[in-house]
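S.K.: Contents are compact mmCIF, C-alpha atoms; file name query07.txt:
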# COMPACT_ATOMS: atom_id res chain seq x y z
CA MET K 77 -155.84 94.54 -91.29
CA GLU K 78 -153.07 97.07 -90.74
CA ASN K 79 -152.45 99.68 -93.38
CA SER K 80 -149.40 101.72 -94.20
CA SER K 81 -150.61 104.62 -92.07
CA ASN K 82 -150.41 102.35 -88.97
CA ILE K 83 -147.05 100.79 -89.82
CA VAL K 84 -144.66 103.65 -89.24
CA VAL K 85 -141.48 101.60 -88.70
CA LEU K 86 -140.09 98.82 -90.88
CA LYS K 87 -137.38 96.34 -89.91
CA LEU K 88 -134.39 95.59 -92.13
CA SER K 89 -133.22 92.04 -91.46
CA GLY K 90 -130.27 91.94 -93.87
CA LEU K 91 -127.67 92.66 -91.18
CA ASN K 92 -128.79 90.08 -88.62
CA GLU K 93 -125.76 87.87 -89.28
CA THR K 94 -123.16 90.66 -89.08
CA ARG K 95 -123.53 91.81 -85.46
CA SER K 96 -120.39 90.04 -84.20
CA ARG K 97 -118.22 91.68 -86.88
CA LYS K 98 -120.10 94.92 -87.38
CA TYR K 99 -117.07 97.20 -86.86
CA ILE K 100 -115.07 95.34 -89.51
CA PHE K 101 -117.96 95.63 -91.98
CA PHE K 102 -118.40 99.29 -91.02
CA GLY K 103 -114.72 100.00 -91.76
CA PHE K 104 -114.76 98.30 -95.17
CA THR K 105 -118.07 99.92 -96.15
CA LEU K 106 -116.88 103.38 -95.10
CA PHE K 107 -113.68 102.91 -97.12
CA PHE K 108 -115.63 101.86 -100.23
CA TYR K 109 -118.08 104.75 -99.86
CA LEU K 110 -115.34 107.36 -99.43
CA TRP K 111 -113.51 105.89 -102.42
CA ILE K 112 -116.70 106.08 -104.52
CA ILE K 113 -117.18 109.73 -103.51
CA PHE K 114 -113.54 110.60 -104.27
CA LEU K 115 -113.45 108.92 -107.69
CA ASN K 116 -116.77 110.30 -108.90
CA LEU K 117 -116.17 113.81 -107.53
CA THR K 118 -112.74 113.86 -109.20
CA LEU K 119 -114.21 112.85 -112.56
CA THR K 120 -117.13 115.30 -112.23
CA ALA K 121 -114.93 118.21 -111.14
CA THR K 122 -112.45 117.54 -113.96
CA ILE K 123 -115.19 117.68 -116.60
CA LEU K 124 -116.87 120.75 -115.09
CA LEU K 125 -113.62 122.72 -114.66
CA GLU K 126 -112.15 121.96 -118.07
CA LYS K 127 -113.97 123.82 -120.85
CA SER K 128 -112.28 121.62 -123.45
CA LEU K 129 -114.40 118.74 -122.10
CA TYR K 130 -117.69 120.53 -122.69
CA GLU K 131 -118.64 117.99 -125.34
CA PRO K 132 -121.69 115.67 -125.47
CA MET K 133 -119.88 112.48 -124.47
CA TYR K 134 -118.29 114.10 -121.41
CA ILE K 135 -121.57 115.76 -120.42
CA PHE K 136 -123.17 112.30 -120.33
CA ILE K 137 -120.23 110.91 -118.34
CA CYS K 138 -120.56 113.80 -115.88
CA ASN K 139 -124.27 113.04 -115.47
CA LEU K 140 -123.38 109.38 -114.89
CA SER K 141 -121.02 110.31 -112.05
CA LEU K 142 -123.44 112.80 -110.48
CA ASN K 143 -126.16 110.14 -110.62
CA THR K 144 -123.80 107.68 -108.90
CA LEU K 145 -123.23 110.15 -106.06
CA TYR K 146 -126.99 110.70 -105.79
CA GLY K 147 -127.86 106.98 -105.83
CA THR K 148 -125.20 105.87 -103.34
CA THR K 149 -126.30 108.62 -100.93
CA GLY K 150 -129.60 106.77 -100.69
CA PHE K 151 -127.84 103.57 -99.61
CA TYR K 152 -124.48 103.97 -97.84
CA PRO K 153 -125.23 106.48 -95.01
CA LYS K 154 -128.16 104.37 -93.76
CA LEU K 155 -126.12 101.15 -94.05
CA LEU K 156 -123.22 102.69 -92.09
CA ALA K 157 -125.60 103.84 -89.36
CA ASP K 158 -127.11 100.34 -89.17
CA PHE K 159 -123.68 98.74 -88.70
CA LEU K 160 -123.25 100.82 -85.51
CA SER K 161 -126.77 100.12 -84.24
CA ASP K 162 -128.25 97.05 -82.58
CA THR K 163 -131.67 97.76 -84.10
CA HIS K 164 -131.98 97.98 -87.87
CA VAL K 165 -135.17 99.90 -88.45
CA ILE K 166 -136.36 102.63 -90.80
CA SER K 167 -139.49 104.75 -90.87
CA PHE K 168 -142.04 104.03 -93.59
CA THR K 169 -141.39 107.52 -95.03
CA GLY K 170 -137.62 106.97 -94.92
CA CYS K 171 -138.09 103.57 -96.56
CA MET K 172 -140.08 105.08 -99.43
CA ILE K 173 -137.50 107.86 -99.89
CA GLN K 174 -134.66 105.31 -100.01
CA ALA K 175 -136.54 103.20 -102.56
CA ILE K 176 -137.25 106.31 -104.69
CA VAL K 177 -133.59 107.41 -104.65
CA ILE K 178 -132.20 103.97 -105.49
CA TYR K 179 -134.76 103.22 -108.22
CA SER K 180 -134.50 106.64 -109.85
CA SER K 181 -130.72 106.29 -109.86
CA VAL K 182 -130.96 102.88 -111.56
CA PHE K 183 -133.45 104.17 -114.17
CA CYS K 184 -131.29 107.24 -114.80
CA GLU K 185 -128.11 105.22 -115.26
CA PHE K 186 -129.62 102.84 -117.79
CA THR K 187 -131.32 105.65 -119.73
CA ASN K 188 -128.08 107.64 -119.65
CA LEU K 189 -126.18 104.65 -121.05
CA THR K 190 -128.81 104.42 -123.83
CA VAL K 191 -128.28 108.08 -124.76
CA MET K 192 -124.52 107.51 -124.71
CA ALA K 193 -124.96 104.60 -127.15
CA TYR K 194 -126.84 106.93 -129.51
CA ASP K 195 -124.08 109.53 -129.15
CA ARG K 196 -121.41 106.97 -130.09
CA TYR K 197 -123.56 105.69 -132.98
CA VAL K 198 -123.81 109.17 -134.51
CA ALA K 199 -120.12 109.94 -133.83
CA ILE K 200 -118.87 106.82 -135.62
CA CYS K 201 -121.57 106.04 -138.19
CA LYS K 202 -122.35 109.66 -139.18
CA PRO K 203 -119.17 111.60 -138.30
CA LEU K 204 -119.77 114.44 -140.80
CA GLU K 205 -123.24 115.10 -139.38
CA TYR K 206 -122.28 114.64 -135.71
CA HIS K 207 -122.02 118.30 -134.66
CA SER K 208 -125.26 119.19 -136.43
CA ILE K 209 -127.13 116.33 -134.69
CA ILE K 210 -125.52 116.42 -131.24
CA ASN K 211 -123.77 119.34 -129.55
CA ALA K 212 -123.29 120.45 -125.95
CA LEU K 213 -126.66 122.27 -125.86
CA ILE K 214 -128.55 119.29 -127.26
CA ALA K 215 -126.70 116.98 -124.84
CA GLY K 216 -127.85 119.20 -121.95
CA LYS K 217 -131.45 118.94 -123.22
CA PHE K 218 -131.07 115.15 -123.43
CA VAL K 219 -129.99 115.06 -119.78
CA LEU K 220 -132.93 117.26 -118.73
CA ILE K 221 -135.44 115.11 -120.66
CA LEU K 222 -133.80 112.00 -119.22
CA TRP K 223 -134.38 113.18 -115.64
CA ILE K 224 -138.00 114.21 -116.41
CA PHE K 225 -138.62 110.74 -117.85
CA VAL K 226 -137.05 109.08 -114.77
CA PHE K 227 -139.10 111.31 -112.44
CA PHE K 228 -142.29 110.24 -114.24
CA GLU K 229 -141.38 106.53 -113.98
CA VAL K 230 -140.64 106.74 -110.27
CA THR K 231 -143.69 108.91 -109.51
CA VAL K 232 -146.09 106.39 -111.06
CA GLN K 233 -144.38 103.52 -109.23
CA THR K 234 -144.44 105.41 -105.90
CA VAL K 235 -148.12 106.41 -106.16
CA LEU K 236 -149.09 102.78 -106.83
CA THR K 237 -147.07 101.61 -103.81
CA LEU K 238 -148.38 104.29 -101.41
CA ARG K 239 -151.98 103.21 -102.00
CA LEU K 240 -151.26 99.68 -100.66
CA PRO K 241 -152.24 98.69 -97.11
CA LEU K 242 -149.42 96.75 -95.43
CA CYS K 243 -149.74 93.63 -93.29
CA GLY K 244 -146.07 93.20 -92.45
CA SER K 245 -143.10 95.25 -91.36
CA GLN K 246 -140.00 93.12 -92.11
CA ILE K 247 -137.90 93.73 -95.20
CA ASP K 248 -135.45 90.91 -95.84
CA LYS K 249 -132.74 93.14 -97.30
CA LEU K 250 -130.07 95.67 -96.34
CA TYR K 251 -132.14 98.51 -97.79
CA CYS K 252 -135.66 99.37 -98.93
CA ASP K 253 -136.73 98.77 -102.50
CA ASN K 254 -140.12 99.05 -104.13
CA TRP K 255 -140.71 95.33 -104.62
CA SER K 256 -139.90 94.54 -100.96
CA ILE K 257 -142.52 97.08 -99.83
CA VAL K 258 -145.11 95.77 -102.32
CA LYS K 259 -144.60 92.21 -101.00
CA LEU K 260 -145.77 93.41 -97.55
CA SER K 261 -149.18 94.35 -98.93
CA CYS K 262 -152.43 92.79 -97.70
CA VAL K 263 -154.26 93.28 -101.00
CA GLU K 264 -153.98 92.46 -104.68
CA THR K 265 -150.92 94.09 -106.27
CA THR K 266 -151.84 93.60 -109.94
CA PRO K 267 -151.50 97.32 -110.87
CA ASN K 268 -148.00 97.33 -109.34
CA ASN K 269 -147.06 94.21 -111.29
CA ILE K 270 -148.40 95.70 -114.52
CA CYS K 271 -146.42 98.89 -113.88
CA GLY K 272 -143.32 96.78 -113.21
CA TYR K 273 -143.74 94.89 -116.48
CA ILE K 274 -144.28 98.15 -118.41
CA LEU K 275 -141.05 99.56 -116.94
CA LEU K 276 -139.32 96.28 -117.80
CA VAL K 277 -140.51 96.53 -121.43
CA ILE K 278 -139.32 100.16 -121.63
CA HIS K 279 -135.82 99.32 -120.39
CA VAL K 280 -135.56 96.10 -122.39
CA SER K 281 -136.43 98.24 -125.45
CA GLN K 282 -133.56 100.52 -124.48
CA ALA K 283 -131.30 97.46 -124.32
CA PHE K 284 -132.35 96.45 -127.86
CA PHE K 285 -131.68 100.01 -129.06
CA ILE K 286 -128.19 99.86 -127.52
CA LEU K 287 -127.61 96.47 -129.15
CA TYR K 288 -128.75 97.81 -132.55
CA SER K 289 -126.48 100.87 -132.16
CA TYR K 290 -123.44 98.74 -131.47
CA ILE K 291 -124.16 96.34 -134.32
CA GLN K 292 -124.13 99.35 -136.65
CA ILE K 293 -120.98 100.75 -134.99
CA ILE K 294 -119.12 97.43 -135.32
CA ARG K 295 -120.14 97.13 -138.99
CA VAL K 296 -118.59 100.54 -139.70
CA CYS K 297 -115.48 99.80 -137.62
CA VAL K 298 -114.74 96.57 -139.50
CA ASN K 299 -114.19 98.57 -142.69
CA SER K 300 -112.42 101.60 -141.21
CA GLY K 301 -109.19 101.79 -139.27
CA GLU K 302 -109.97 105.30 -137.98
CA SER K 303 -113.41 104.25 -136.74
CA ARG K 304 -111.85 101.17 -135.16
CA ASN K 305 -109.52 103.38 -133.10
CA LYS K 306 -112.43 105.60 -132.05
CA PHE K 307 -114.37 102.49 -131.06
CA LEU K 308 -111.54 101.23 -128.85
CA GLN K 309 -111.02 104.63 -127.22
CA THR K 310 -114.62 105.69 -126.53
CA CYS K 311 -117.03 102.81 -127.16
CA LEU K 312 -115.19 100.05 -125.37
CA PRO K 313 -115.35 101.86 -121.98
CA HIS K 314 -119.07 102.43 -122.55
CA LEU K 315 -119.62 98.74 -123.37
CA VAL K 316 -117.74 97.64 -120.24
CA THR K 317 -119.84 100.03 -118.13
CA LEU K 318 -123.07 98.87 -119.77
CA ILE K 319 -122.35 95.15 -119.32
CA ASN K 320 -121.17 95.70 -115.75
CA PHE K 321 -124.29 97.66 -114.77
CA SER K 322 -126.74 95.40 -116.65
CA VAL K 323 -125.43 92.16 -115.17
CA THR K 324 -125.37 93.42 -111.58
CA THR K 325 -128.84 94.99 -111.87
CA VAL K 326 -130.38 91.87 -113.44
CA PHE K 327 -128.91 89.79 -110.60
CA ASP K 328 -130.67 92.00 -108.05
CA VAL K 329 -134.03 92.11 -109.87
CA MET K 330 -134.15 88.37 -110.56
CA PHE K 331 -133.02 87.42 -107.08
CA ALA K 332 -135.49 89.82 -105.43
CA ARG K 333 -138.42 88.30 -107.34
CA TYR K 334 -137.42 84.67 -107.72
CA GLY K 335 -134.62 83.99 -105.21
CA SER K 336 -135.10 81.38 -102.50
CA ARG K 337 -135.42 82.41 -98.86
CA ASN K 338 -133.38 79.30 -98.01
CA THR K 339 -130.31 80.94 -99.52
CA SER K 340 -127.83 82.17 -96.90
CA GLN K 341 -128.26 85.78 -95.80
CA THR K 342 -124.67 86.60 -96.78
CA LEU K 343 -125.22 85.46 -100.37
CA ARG K 344 -128.54 87.34 -100.53
CA ASN K 345 -126.78 90.51 -99.35
CA ILE K 346 -124.05 90.14 -101.97
CA MET K 347 -126.63 89.64 -104.73
CA ALA K 348 -128.62 92.65 -103.51
CA VAL K 349 -125.81 95.21 -103.34
CA GLU K 350 -123.63 94.34 -106.37
CA PHE K 351 -125.14 97.14 -108.48
CA LEU K 352 -124.59 99.60 -105.60
CA VAL K 353 -120.92 98.64 -105.14
CA ILE K 354 -119.34 97.52 -108.42
CA PRO K 355 -120.58 100.11 -111.00
CA PRO K 356 -120.04 103.16 -108.72
CA LEU K 357 -116.42 102.07 -108.21
CA LEU K 358 -115.61 100.90 -111.75
CA ASN K 359 -117.34 103.59 -113.83
CA PRO K 360 -115.07 106.53 -112.88
CA LEU K 361 -112.00 104.29 -113.18
CA ILE K 362 -113.07 103.10 -116.64
CA TYR K 363 -113.75 106.62 -117.95
CA GLY K 364 -110.98 108.34 -116.01
CA LEU K 365 -108.27 105.93 -117.07
CA SER K 366 -109.45 104.83 -120.51
CA LEU K 367 -110.38 108.16 -122.09
CA THR K 368 -107.19 109.99 -122.98
CA GLN K 369 -108.60 113.53 -122.70
CA VAL K 370 -110.08 112.90 -119.25
CA ARG K 371 -106.90 111.21 -118.03
CA LEU K 372 -104.72 114.11 -119.19
CA ARG K 373 -107.05 116.70 -117.59
CA ILE K 374 -107.04 114.82 -114.27
CA LYS K 375 -103.23 114.79 -114.30
CA LYS K 376 -103.24 118.49 -115.15
CA VAL K 377 -105.55 119.33 -112.23
CA PHE K 378 -103.46 117.33 -109.73
CA ASN K 379 -100.20 118.78 -111.06
CA LYS K 380 -101.59 122.30 -110.55
CA LYS K 381 -102.44 121.47 -106.93
CA ILE K 382 -98.97 120.02 -106.32
CA ASP K 383 -97.26 123.06 -107.89
CA SER K 384 -99.35 125.47 -105.80
CA GLN K 385 -98.34 123.66 -102.59
CA THR K 386 -94.60 123.70 -103.36
Turn this file's structure into structure tokens for me.
M.R.:
Amino acid sequence: MENSSNIVVLKLSGLNETRSRKYIFFGFTLFFYLWIIFLNLTLTATILLEKSLYEPMYIFICNLSLNTLYGTTGFYPKLLADFLSDTHVISFTGCMIQAIVIYSSVFCEFTNLTVMAYDRYVAICKPLEYHSIINALIAGKFVLILWIFVFFEVTVQTVLTLRLPLCGSQIDKLYCDNWSIVKLSCVETTPNNICGYILLVIHVSQAFFILYSYIQIIRVCVNSGESRNKFLQTCLPHLVTLINFSVTTVFDVMFARYGSRNTSQTLRNIMAVEFLVIPPLLNPLIYGLSLTQVRLRIKKVFNKKIDSQT
């Protein structure tokens, strides 16, 4: 029996069918990654540089964009390097780090969206109490607690995975994730499965909280024209982001656990990377274009740059 201390290199087999067109895939992937960086940096910089945007909702949006930059850093650089290489391997340590970064980013995004739902619930259902319940300082504390919670989730998951002896070295994906590493184990993985189900219950509970929040918001909006406008301006972008992220993440989780190995590698790759491609691109566009204050500040920043160059 080999254990994880003997297996120092793991093989990623997700790119086996792309070798003949690797430069084309490299070009498209690089374009998408640079576009993700540009969009999210623009949104983050706009919020950080404009003091008028130092409000709870924009603090949460800023955290969402920073988390996107953090999460995609765990995926795209390695993928780009693999496109230019004939051997797609990763060290066991590098594999664990990639899994930690991607999973913590996913946990952070969903928890951040939950906090944003609470923020919108208070803003629309309790507008007179909003500033006494949530302000910029409290929003900052929410973000800090959010990251501590995510760190705890990932730490428990990582400790349980590191204790497993491994009997295989091939990961049938483009990147490392916790479940793919667990499946290589030689021993019983019941504690890992229990941990996975506990995390699932936690995040499903968050989904029910979000659902409850929006039921209450919609009830208020039905009877108030002003609340209806606020819903369309601030809640609709959040709902689009939430649905987009939830659907793509569920696709990956369900396919990783229950998908057939007989499915074509191309389809498996698409299912595996949707949540790493679609939300990072759409989120900054949704918030940057849909929220009037953010859109005006972005125009203001770019106009200043143009004026300074002329």
S.K.: Env of Pro132 of chain K: 7 Å cut, atoms = only C-alpha atoms, seq-sep filter 3 positions within chain, self excluded. Answer as a ChimeraX atom specification.
M.R.: /K:135-136,210-212,215
S.K.: So, with only C-alpha atoms as the atoms that count, which of K:Tyr134, K:Tyr290, K:Phe101, K:Trp255 lies closest to Gly272 of chain K?
M.R.: K:Trp255
S.K.: Using all atoms listed in the file and a cutoff of 10 Å, can you tell me which residues are near (-142.3, 94.9, -90.7) in the file's coordinates, and write them out as a list in words?
M.R.: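 Within 10 Å of (-142.3, 94.9, -90.7), the protein and nucleic acid residues are Ile83, Val84, Val85, Leu86, Lys87, Leu88, Ser89, Val165, Ile166, Phe168, Leu242, Cys243, Gly244, Ser245, Gln246, Ile247, Asp248, Ile257 and Leu260 of chain K.
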S.K.: Using all atoms listed in the file, which residue out of K:Leu124, K:Ile224, K:Val258, K:Leu250 lies closest to Thr342 of chain K?
M.R.: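 Going through K:Leu124, K:Ile224, K:Val258, K:Leu250 one by one, the smallest distance to Thr342 of chain K is for K:Leu250.
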S.K.: May I have the protein, DNA and RNA residues with an atom at most 12 Å from (-121.3, 96.1, -90.6), counting all atoms listed in the file in the file's coordinates, returned as an MDAnalysis selection string?
M.R.: chainID K and resid 90:106 152:162 164 250 342 345
S.K.: Just the number, please: distance in Å from atom CA of Leu110 of chain K to atom CA of Gly150 of chain K, one decimal.
M.R.: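 Between these atoms lies a distance of 14.3 Å.
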S.K.: Mind pulling up the distance from atom CA of Leu189 of chain K to atom CA of Val370 of chain K?
M.R.: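 A separation of 18.2 Å between them.
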S.K.: Smallest atom-to-atom distance to Ile278 of chain K: which of K:Pro360, K:Phe186, K:Ile221, K:Val263, using all atoms listed in the file?
M.R.: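 Once distances to Ile278 of chain K are computed over all atoms listed in the file, the minimum belongs to K:Phe186.
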S.K.: State, in Å with one decimal place, the distance from atom CA of Ser181 of chain K to atom CA of Asn143 of chain K.
M.R.: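 Separation between atom CA of Ser181 of chain K and atom CA of Asn143 of chain K: 6.0 Å.
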S.K.: Please define a box with edges along x, y and z of the file around all atoms of segment 190-205 of chain K given in the file, extend it by 5 Å on each side, and return its centre and edge lengths in Å to one decimal, as JSON.
M.R.:
{"center_x": -123.8, "center_y": 109.8, "center_z": -132.3, "size_x": 19.9, "size_y": 20.7, "size_z": 27.0}
S.K.: Let me make sure I understand: among K:Leu312, K:Leu361, K:Leu275, K:Ile346, which one has the smallest atom-to-atom distance to Phe327 of chain K if we use all atoms listed in the file?
M.R.: K:Ile346
S.K.: From the options K:Val230, K:Thr325, K:Leu204, K:Leu367, which residue's atoms come nearest to Val353 of chain K, counting all atoms listed in the file?
M.R.: K:Thr325
S.K.: Which is closer to Cys271 of chain K than all the others in K:Leu287, K:Gln292, K:Thr148, K:Thr237, using all atoms listed in the file?
M.R.: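 Looking only at the distances to Cys271 of chain K, the closest residue turns out to be K:Thr237.
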